[in-house]
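This is work.txt. It holds compact mmCIF, C-alpha atoms.
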```
# COMPACT_ATOMS: atom_id res chain seq x y z
CA MET E 1 0.00 0.00 0.00
CA ASN E 2 1.41 3.36 -0.97
CA LEU E 3 1.27 6.18 1.51
CA LYS E 4 -1.85 8.05 0.56
CA ASN E 5 -2.46 11.51 -0.78
CA SER E 6 -4.49 12.18 2.34
CA ALA E 7 -1.21 12.21 4.29
CA ILE E 8 0.09 14.94 1.97
CA ILE E 9 -3.12 16.95 2.10
CA LYS E 10 -3.12 16.80 5.91
CA ARG E 11 0.48 18.02 5.98
CA LEU E 12 -0.57 21.12 4.00
CA GLU E 13 -3.76 21.87 5.93
CA ASP E 14 -2.35 24.90 7.76
CA ILE E 15 -1.53 26.62 4.49
CA GLU E 16 -4.31 28.90 3.30
CA ARG E 17 -3.40 28.99 -0.39
CA ILE E 18 -1.12 27.00 -2.64
CA ILE E 19 -0.12 28.88 -5.78
CA ALA E 20 1.96 27.18 -8.46
CA ILE E 21 3.80 29.26 -11.05
CA VAL E 22 3.61 27.45 -14.38
CA SER E 23 4.43 27.84 -18.05
CA GLY E 24 4.59 25.53 -21.01
CA LYS E 25 7.80 27.18 -22.18
CA GLY E 26 11.11 27.43 -20.37
CA GLY E 27 13.08 30.65 -19.88
CA VAL E 28 10.08 32.90 -19.20
CA GLY E 29 11.16 33.80 -15.65
CA LYS E 30 9.08 31.45 -13.50
CA THR E 31 11.75 30.97 -10.86
CA LEU E 32 12.42 34.67 -10.41
CA ILE E 33 8.69 35.39 -10.35
CA ALA E 34 7.93 32.59 -7.84
CA SER E 35 10.77 33.66 -5.54
CA THR E 36 9.88 37.37 -5.71
CA MET E 37 6.20 36.59 -5.13
CA ALA E 38 6.93 34.63 -1.93
CA LEU E 39 9.25 37.41 -0.72
CA THR E 40 6.67 40.09 -1.55
CA MET E 41 3.79 38.27 0.14
CA THR E 42 5.83 37.86 3.30
CA LYS E 43 6.99 41.48 3.19
CA ILE E 44 3.45 42.84 2.98
CA GLY E 45 2.28 40.74 5.92
CA PHE E 46 1.22 37.45 4.35
CA PRO E 47 3.68 34.89 5.77
CA SER E 48 4.54 32.67 2.83
CA GLY E 49 6.57 29.68 1.82
CA LEU E 50 8.48 28.88 -1.35
CA LEU E 51 8.80 25.33 -2.61
CA ASP E 52 11.15 24.62 -5.49
CA MET E 53 9.61 21.77 -7.44
CA ASP E 54 11.98 22.01 -10.37
CA PHE E 55 13.68 18.98 -8.85
CA THR E 56 16.12 18.10 -11.62
CA ASN E 57 17.44 21.63 -11.94
CA SER E 58 16.55 23.58 -8.79
CA SER E 59 17.50 27.24 -8.74
CA CYS E 60 15.29 29.21 -6.33
CA HIS E 61 18.15 29.04 -3.79
CA LEU E 62 20.36 30.97 -6.20
CA ILE E 63 17.81 33.79 -6.41
CA LEU E 64 17.46 33.85 -2.62
CA GLY E 65 21.22 33.72 -2.11
CA VAL E 66 21.03 30.55 -0.02
CA ASP E 67 24.20 28.47 0.25
CA VAL E 68 22.75 24.95 0.19
CA LEU E 69 26.05 23.50 1.39
CA LYS E 70 25.95 25.53 4.60
CA GLU E 71 22.28 26.09 5.37
CA LYS E 72 20.11 23.05 5.98
CA PRO E 73 16.50 22.46 6.98
CA VAL E 74 16.22 21.53 10.65
CA GLU E 75 15.01 18.04 11.53
CA ASP E 76 12.47 17.97 14.35
CA MET E 77 9.56 15.53 14.06
CA GLY E 78 9.84 16.22 10.30
CA ILE E 79 11.80 18.72 8.24
CA HIS E 80 11.44 22.42 8.91
CA PRO E 81 12.14 24.71 5.94
CA VAL E 82 14.96 27.24 5.99
CA LYS E 83 13.77 30.77 6.73
CA VAL E 84 15.08 33.28 4.19
CA HIS E 85 14.04 36.92 4.58
CA GLY E 86 10.97 35.63 6.42
CA VAL E 87 10.06 33.13 3.67
CA GLU E 88 9.87 29.43 4.62
CA PHE E 89 11.98 27.88 1.87
CA MET E 90 12.30 24.25 0.85
CA SER E 91 14.23 22.70 -2.01
CA VAL E 92 15.72 19.36 -2.99
CA ALA E 93 18.92 21.35 -3.58
CA PHE E 94 19.61 21.09 0.17
CA TYR E 95 20.06 17.35 -0.35
CA SER E 96 21.54 17.32 -3.86
CA ARG E 97 24.17 19.94 -2.99
CA GLY E 98 22.70 22.08 -5.75
CA GLU E 99 23.90 19.66 -8.43
CA ALA E 100 21.84 18.33 -11.36
CA LEU E 101 19.47 15.60 -10.24
CA PRO E 102 18.74 13.31 -13.19
CA LEU E 103 15.29 11.80 -12.60
CA ARG E 104 12.77 9.85 -14.60
CA GLY E 105 9.01 10.43 -14.27
CA ILE E 106 8.35 7.84 -11.58
CA GLU E 107 11.21 9.24 -9.53
CA VAL E 108 9.88 12.78 -9.89
CA ASP E 109 6.63 11.45 -8.45
CA SER E 110 8.49 9.88 -5.51
CA VAL E 111 10.38 13.10 -4.72
CA PHE E 112 7.13 15.06 -4.97
CA ARG E 113 5.43 12.82 -2.40
CA GLU E 114 8.44 12.53 -0.10
CA LEU E 115 9.08 16.25 0.05
CA LEU E 116 5.45 17.08 0.77
CA MET E 117 5.16 14.30 3.31
CA ILE E 118 8.18 15.23 5.43
CA THR E 119 8.14 19.04 5.26
CA LYS E 120 6.50 20.82 8.17
CA TRP E 121 5.51 24.24 6.89
CA GLY E 122 3.55 25.43 9.88
CA ARG E 123 0.89 28.08 9.44
CA LEU E 124 1.23 30.01 6.17
CA LYS E 125 -0.99 32.39 4.26
CA ALA E 126 0.40 31.09 0.99
CA LEU E 127 2.82 28.55 -0.42
CA VAL E 128 4.30 29.58 -3.76
CA VAL E 129 5.54 26.66 -5.85
CA ASP E 130 8.11 27.00 -8.60
CA THR E 131 7.67 24.34 -11.29
CA PRO E 132 9.63 23.03 -14.26
CA PRO E 133 8.52 24.09 -17.76
CA GLY E 134 6.01 22.04 -19.71
CA PHE E 135 3.05 19.91 -18.73
CA GLY E 136 4.86 16.99 -17.11
CA ASP E 137 4.80 15.04 -13.87
CA VAL E 138 5.10 17.91 -11.39
CA ILE E 139 2.25 19.93 -12.91
CA LEU E 140 0.04 16.85 -13.18
CA ASN E 141 0.82 15.90 -9.57
CA ILE E 142 -0.06 19.37 -8.33
CA ALA E 143 -3.27 19.39 -10.36
CA SER E 144 -4.31 15.89 -9.30
CA TYR E 145 -3.03 15.50 -5.73
CA LEU E 146 -3.42 19.05 -4.44
CA PRO E 147 -7.03 19.91 -5.22
CA ARG E 148 -6.73 23.29 -3.49
CA ALA E 149 -3.78 24.40 -5.62
CA GLU E 150 -4.23 27.38 -7.93
CA PHE E 151 -2.02 28.34 -10.85
CA ILE E 152 -0.46 31.50 -12.20
CA ALA E 153 0.74 31.14 -15.78
CA VAL E 154 3.77 33.02 -17.06
CA THR E 155 4.41 33.97 -20.66
CA THR E 156 6.46 36.42 -22.69
CA PRO E 157 5.27 38.12 -25.87
CA ASN E 158 7.37 35.57 -27.77
CA LEU E 159 5.22 33.61 -30.25
CA LEU E 160 6.31 30.19 -28.99
CA SER E 161 5.62 31.19 -25.41
CA LEU E 162 2.17 32.51 -26.35
CA GLU E 163 1.48 29.28 -28.20
CA ALA E 164 2.34 27.34 -25.03
CA LEU E 165 -0.14 29.54 -23.14
CA ARG E 166 -2.81 28.80 -25.76
CA ARG E 167 -2.14 25.09 -25.26
CA LEU E 168 -2.45 25.49 -21.50
CA ALA E 169 -5.86 27.10 -22.09
CA GLY E 170 -6.88 23.86 -23.75
CA THR E 171 -6.08 21.69 -20.73
CA TYR E 172 -8.23 20.78 -17.74
CA MET E 173 -6.03 23.04 -15.60
CA LYS E 174 -7.40 26.22 -17.19
CA ARG E 175 -10.20 26.75 -14.68
CA ARG E 176 -7.65 26.84 -11.84
CA ILE E 177 -5.50 29.56 -13.41
CA LEU E 178 -5.81 32.78 -11.41
CA GLY E 179 -4.27 34.83 -14.16
CA VAL E 180 -1.27 35.39 -16.39
CA ILE E 181 1.92 37.33 -15.77
CA VAL E 182 3.42 38.62 -18.98
CA ASN E 183 7.16 38.85 -18.41
CA MET E 184 9.92 40.51 -20.45
CA SER E 185 7.23 42.46 -22.23
CA TYR E 186 8.36 44.63 -25.15
CA LYS E 187 4.80 45.02 -26.49
CA SER E 188 1.39 44.58 -24.94
CA ILE E 189 -0.21 41.20 -25.54
CA ARG E 190 -3.11 41.83 -23.18
CA SER E 191 -5.76 41.33 -25.86
CA SER E 192 -4.22 38.04 -27.03
CA VAL E 193 -4.06 36.71 -23.45
CA GLU E 194 -7.58 37.89 -22.63
CA GLY E 195 -8.75 36.38 -25.89
CA MET E 196 -7.67 33.00 -24.54
CA GLY E 197 -9.96 33.56 -21.56
CA PHE E 198 -7.24 34.55 -19.07
CA LYS E 199 -6.97 37.56 -16.78
CA VAL E 200 -3.72 39.53 -17.13
CA LEU E 201 -2.28 40.08 -13.65
CA VAL E 202 0.54 42.32 -14.80
CA GLU E 203 2.73 43.04 -17.81
CA ILE E 204 6.34 43.33 -16.69
CA PRO E 205 8.80 45.14 -18.96
CA ARG E 206 12.18 43.64 -19.67
CA TYR E 207 14.75 44.71 -17.09
CA ASP E 208 18.23 44.14 -18.45
CA ASP E 209 20.00 44.64 -15.12
CA LEU E 210 18.05 41.98 -13.13
CA GLU E 211 20.94 39.52 -13.34
CA GLU E 212 22.91 41.76 -10.99
CA TYR E 213 20.38 41.14 -8.21
CA ILE E 214 20.30 37.36 -8.35
CA GLY E 215 21.33 36.23 -4.88
CA ASN E 216 20.85 39.68 -3.37
CA VAL E 217 17.30 39.78 -2.03
CA ASP E 218 17.52 43.29 -0.53
CA LYS E 219 18.51 44.78 -3.88
CA LEU E 220 16.06 42.58 -5.82
CA MET E 221 13.16 43.83 -3.73
CA GLU E 222 14.05 47.43 -4.62
CA THR E 223 13.78 46.85 -8.37
CA GLY E 224 10.99 47.85 -10.72
CA PHE E 225 10.51 44.14 -11.35
CA ALA E 226 9.64 43.55 -7.69
CA GLY E 227 7.24 46.51 -7.85
CA LYS E 228 5.43 44.84 -10.75
CA ILE E 229 5.29 41.53 -8.89
CA LYS E 230 3.71 43.38 -5.97
CA GLU E 231 0.94 44.57 -8.32
CA ALA E 232 0.25 40.96 -9.29
CA VAL E 233 0.38 39.77 -5.68
CA LEU E 234 -2.16 42.37 -4.55
CA LYS E 235 -4.54 41.24 -7.31
CA VAL E 236 -4.10 37.58 -6.37
CA LEU E 237 -4.60 38.19 -2.64
CA ASP E 238 -7.55 40.55 -3.19
CA MET D 1 13.22 13.18 14.05
CA HIS D 2 12.23 12.63 10.46
CA GLU D 3 10.86 9.23 11.54
CA TRP D 4 7.93 11.03 13.16
CA ALA D 5 6.95 12.61 9.85
CA LEU D 6 7.12 9.18 8.17
CA ALA D 7 5.08 7.65 10.99
CA GLU D 8 2.46 10.39 10.61
CA ALA D 9 2.15 9.60 6.90
CA ILE D 10 1.65 5.89 7.67
CA VAL D 11 -0.89 6.56 10.44
CA GLU D 12 -2.81 9.02 8.27
CA THR D 13 -2.91 6.48 5.42
CA VAL D 14 -4.12 3.73 7.74
CA TYR D 15 -6.64 6.04 9.40
CA SER D 16 -8.21 6.97 6.08
CA PHE D 17 -8.23 3.28 4.99
CA LEU D 18 -9.93 2.20 8.26
CA SER D 19 -12.42 5.06 8.12
CA GLU D 20 -13.67 3.82 4.76
CA ARG D 21 -14.24 0.42 6.41
CA LYS D 22 -15.72 1.84 9.61
CA THR D 23 -13.28 0.12 11.96
CA ARG D 24 -10.44 1.16 14.29
CA LYS D 25 -8.96 -2.28 14.96
CA ILE D 26 -6.00 -3.89 13.21
CA VAL D 27 -4.95 -7.47 13.94
CA SER D 28 -1.49 -7.07 12.42
CA LEU D 29 0.38 -4.42 10.49
CA ASN D 30 3.61 -5.02 8.57
CA VAL D 31 5.63 -1.91 7.66
CA VAL D 32 8.72 -2.25 5.49
CA ILE D 33 11.63 0.20 5.84
CA GLY D 34 13.86 0.52 2.81
CA LYS D 35 17.58 0.71 3.60
CA LEU D 36 17.98 3.86 1.52
CA GLN D 37 15.76 5.74 3.93
CA SER D 38 17.67 4.21 6.86
CA ALA D 39 14.95 5.15 9.32
CA ASP D 40 15.64 4.32 12.97
CA ARG D 41 13.47 1.29 13.69
CA GLU D 42 12.95 1.94 17.37
CA ILE D 43 12.07 5.60 16.93
CA LEU D 44 9.68 4.65 14.14
CA ARG D 45 8.06 1.95 16.30
CA PHE D 46 7.67 4.39 19.19
CA ALA D 47 6.25 7.11 16.92
CA LEU D 48 3.80 4.69 15.26
CA THR D 49 2.61 3.34 18.62
CA GLU D 50 2.04 6.82 20.02
CA LEU D 51 0.35 8.16 16.90
CA PHE D 52 -1.95 5.14 16.49
CA LYS D 53 -2.95 5.56 20.13
CA SER D 54 -3.69 9.26 19.63
CA ARG D 55 -5.89 8.41 16.64
CA GLY D 56 -7.79 5.75 18.62
CA ILE D 57 -6.47 2.91 16.45
CA GLU D 58 -5.79 -0.43 18.11
CA VAL D 59 -2.92 -2.42 16.58
CA GLY D 60 -2.50 -6.04 17.71
CA GLU D 61 0.89 -6.82 16.18
CA LEU D 62 3.20 -4.20 14.63
CA ARG D 63 6.01 -5.69 12.55
CA LEU D 64 8.80 -3.56 11.09
CA ASP D 65 10.99 -5.24 8.47
CA GLU D 66 14.04 -3.86 6.72
CA GLU D 67 14.48 -4.22 2.97
CA GLU D 68 17.88 -4.30 1.26
CA ALA D 69 18.53 -1.50 -1.22
CA LEU D 70 18.99 -2.94 -4.68
CA LEU D 71 20.07 -0.71 -7.57
CA ARG D 72 20.04 -1.45 -11.29
CA CYS D 73 21.76 0.50 -14.03
CA ARG D 74 19.35 1.35 -16.84
CA SER D 75 22.26 1.71 -19.27
CA CYS D 76 24.15 -1.58 -18.78
CA SER D 77 21.73 -3.55 -16.53
CA LYS D 78 24.27 -4.12 -13.76
CA THR D 79 22.51 -4.79 -10.46
CA TRP D 80 24.09 -4.23 -7.04
CA ARG D 81 23.30 -3.72 -3.37
CA LEU D 82 23.76 -0.43 -1.51
CA ARG D 83 25.81 -2.09 1.21
CA ASP D 84 28.51 -2.52 -1.43
CA LEU D 85 28.88 1.27 -1.59
CA ASP D 86 31.06 3.44 0.53
CA LEU D 87 29.04 6.58 1.23
CA SER D 88 29.96 9.39 3.60
CA ASP D 89 27.67 10.15 6.53
CA ASP D 90 26.38 13.43 5.08
CA VAL D 91 25.50 11.70 1.80
CA LYS D 92 23.74 8.92 3.71
CA GLU D 93 21.80 11.59 5.57
CA ALA D 94 20.77 13.35 2.33
CA ILE D 95 19.58 10.01 0.91
CA HIS D 96 17.79 9.31 4.21
CA PHE D 97 15.57 12.36 3.60
CA ILE D 98 15.09 12.13 -0.17
CA PRO D 99 16.20 8.69 -1.47
CA GLU D 100 16.18 9.87 -5.11
CA VAL D 101 19.17 12.16 -4.51
CA ILE D 102 21.18 8.95 -4.79
CA HIS D 103 21.32 9.88 -8.49
CA VAL D 104 23.69 12.70 -7.57
CA TYR D 105 26.07 10.62 -5.47
CA VAL D 106 26.05 7.12 -6.93
CA LYS D 107 27.10 6.02 -10.38
CA CYS D 108 26.98 2.59 -11.93
CA PRO D 109 30.18 0.77 -10.88
CA ASN D 110 30.32 -0.79 -14.32
CA CYS D 111 29.59 2.05 -16.79
CA SER D 112 29.37 5.22 -14.59
CA SER D 113 25.81 5.99 -15.70
CA GLN D 114 23.61 7.98 -13.29
CA ASP D 115 20.45 6.57 -14.86
CA LEU D 116 19.81 4.14 -12.04
CA GLU D 117 16.69 2.36 -10.95
CA ILE D 118 16.00 1.77 -7.28
CA VAL D 119 14.71 -1.79 -7.54
CA SER D 120 14.00 -2.23 -3.84
CA GLY D 121 14.69 -0.68 -0.46
CA ARG D 122 13.72 2.87 -1.39
CA GLY D 123 11.47 3.97 1.44
CA ILE D 124 8.73 3.09 3.82
CA TYR D 125 5.58 1.29 2.80
CA ILE D 126 2.81 -0.82 4.27
CA ALA D 127 3.41 -4.40 3.14
CA SER D 128 0.29 -5.90 4.71
CA MET D 129 -2.52 -5.12 7.10
CA GLU D 130 -4.92 -7.64 8.61
CA LEU D 131 -8.24 -6.38 9.92
CA ARG D 132 -10.60 -8.09 12.34
CA SER D 133 -13.49 -9.53 10.36
```
Exercise: express the given structure as structure tokens:
Amino acid sequence: MNLKNSAIIKRLEDIERIIAIVSGKGGVGKTLIASTMALTMTKIGFPSGLLDMDFTNSSCHLILGVDVLKEKPVEDMGIHPVKVHGVEFMSVAFYSRGEALPLRGIEVDSVFRELLMITKWGRLKALVVDTPPGFGDVILNIASYLPRAEFIAVTTPNLLSLEALRRLAGTYMKRRILGVIVNMSYKSIRSSVEGMGFKVLVEIPRYDDLEEYIGNVDKLMETGFAGKIKEAVLKVLD
Amino acid sequence: MHEWALAEAIVETVYSFLSERKTRKIVSLNVVIGKLQSADREILRFALTELFKSRGIEVGELRLDEEEALLRCRSCSKTWRLRDLDLSDDVKEAIHFIPEVIHVYVKCPNCSSQDLEIVSGRGIYIASMELRS
């Protein structure tokens, strides 16, 4: 008998909202958006967590400036996430030393269950989940095993990225999408996104200097990018 | 104690299974602990006993068995046991929490592939449960 989903759901019962950041296309900025959202929510008084579910190639810790070789989740009747700028943060990178973790689908499923089963988040207003690109195991697991989970889709004005968003609109996950964040925007695509039946949470211009703030949360939170994320957060929490 | 979190998952699974059958009594329960997870048997037993009690579940016999960790290379099909490996304590601890991180630390001794299958001994599961009829 496999340990049931009810064990996972119970573990997450003190979390008011679970919000997964998704996109069909890679390179649209999901990780930076997920990390900044969790930081913003916590900063404005909504204690939040951040869960990196891009297991094979985790990188939220790089954005948060967490040294996974030095900082570790504390073990006490379960695993307690590492607190970073007030955000409860959990990642497989703590156990993989931040190296690539080559996994097949069934193993992704096992890590998904294990991580959710052993992590003790405590009471949170929101848990933001960073996900790998595409419509694979992690997204399906979130959609199927976490019935309370909501999604925020990310796209850029790039045609391939927009096409991935159109495909997402054709899946059963559409009704759980709170809205779309248009990132690296060099032209408005609001009408295209709304035409797919989605609400635009925010259109974020391209900021060429963002790279400089990776790993420096204080500076990151002062950027125009973080200001735009705050706009999206306020709409989501409204 | 990570064992407590594992015990909670087992108890929650059993509780939901028993609820569907409208009973709180188990004649015998066999839990298997995979070597990769290297959970402490006594702590796990204690945690299970306490948590079952708190949930009002009566367990006649609680058996905890260990299962050898068997790995197989998907590239060359070599199969080997974990006990053949020399792993440092911090790596063992990482694997203890998330067994799949073994893909970072262990390569096939024959062809060095990291595409390994954990054939047995991954984690904790309920092997059997006998209910009072």
Point to revise | Between CA of Val32 (chain D) and CA of Ser120 (chain D), distance in Å (one decimal) | key: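 Between CA of Val32 (chain D) and CA of Ser120 (chain D) the gap is 10.7 Å.
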Practice item. Give as an NGL selection string every residue of chain E that touches chain D within 9 Å, counting all atoms listed in the file. Key: :E and (1-8 or 10-11 or 75-79 or 92 or 94-97 or 99-104 or 107-108 or 110-111 or 114-115 or 117-120)
Exercise for review: Please identify all polymer residues within 7 Å of region 41-54 of chain E, counting only C-alpha atoms, omitting same-chain residues fewer than 2 positions from it, and present them as a list of chain:residue names.
Suggested key: E:Ser35, E:Met37, E:Ala38, E:Leu39, E:Thr56, E:Asn57, E:Ser58, E:Cys60, E:Gly86, E:Val87, E:Glu88, E:Phe89, E:Met90, E:Ser91, E:Leu124, E:Lys125, E:Ala126, E:Leu127, E:Val128, E:Val129, E:Asp130, E:Thr131, E:Pro132, E:Val233
Check your understanding: Mind listing as a PyMOL selection string all residues within 10 Å of (-3.2, 34.6, -16.9), counting only C-alpha atoms?
Key -> chain E and resi 151-155+165+169+174+177-182+190+193-194+196-202
**Study point:** Residues within 12 Å of (21.6, 38.6, -5.2), counting only C-alpha atoms, listed as a ChimeraX atom specification
**Key:** /E:32,35-36,60-67,209-223
Point to revise | Point-to-point distance from CA of Val28 (chain E) to CA of Ala164 (chain E), Å rounded to tenths | key: 11.2 Å
Check your understanding: What's the 10 Å shell around Arg24 (chain D), counting only C-alpha atoms, without same-chain residues fewer than 6 positions away, as a list in words?
Key -> Val14, Tyr15, Phe17, Leu18, Phe52, Arg55, Gly56, Ile57, Glu58, Val59, Leu131 and Arg132 of chain D
Exercise for review: May I have the residues within 9 Å of region 62-64 of chain D as an MDAnalysis selection string, using only C-alpha atoms and disregarding those fewer than 3 positions away in the same chain?
Suggested key: chainID D and resid 27:33 41 44:45 48:49 59
For the residues in the current selection, export C-alpha atoms as a PDB file, in the frame of the given file.
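Written file, again.pdb:
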```pdb
ATOM      1  CA  VAL D  27      -4.950  -7.470  13.940  1.00  0.00           C
ATOM      2  CA  SER D  28      -1.490  -7.070  12.420  1.00  0.00           C
ATOM      3  CA  LEU D  29       0.380  -4.420  10.490  1.00  0.00           C
ATOM      4  CA  ASN D  30       3.610  -5.020   8.570  1.00  0.00           C
ATOM      5  CA  VAL D  31       5.630  -1.910   7.660  1.00  0.00           C
ATOM      6  CA  VAL D  32       8.720  -2.250   5.490  1.00  0.00           C
ATOM      7  CA  ILE D  33      11.630   0.200   5.840  1.00  0.00           C
ATOM      8  CA  ARG D  41      13.470   1.290  13.690  1.00  0.00           C
ATOM      9  CA  LEU D  44       9.680   4.650  14.140  1.00  0.00           C
ATOM     10  CA  ARG D  45       8.060   1.950  16.300  1.00  0.00           C
ATOM     11  CA  LEU D  48       3.800   4.690  15.260  1.00  0.00           C
ATOM     12  CA  THR D  49       2.610   3.340  18.620  1.00  0.00           C
ATOM     13  CA  VAL D  59      -2.920  -2.420  16.580  1.00  0.00           C
TER      14      VAL D  59
END
```
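Taking CA of Thr23 (chain D) and CA of Glu66 (chain D) as endpoints, the distance between them is 28.1 Å.
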Check your understanding: What lies within 9 Å of Ala69 (chain D) using all atoms listed in the file, ignoring chain neighbours under 2 positions off, as a PyMOL selection string?
Key -> chain D and resi 34-36+67+71+80-83+118-122
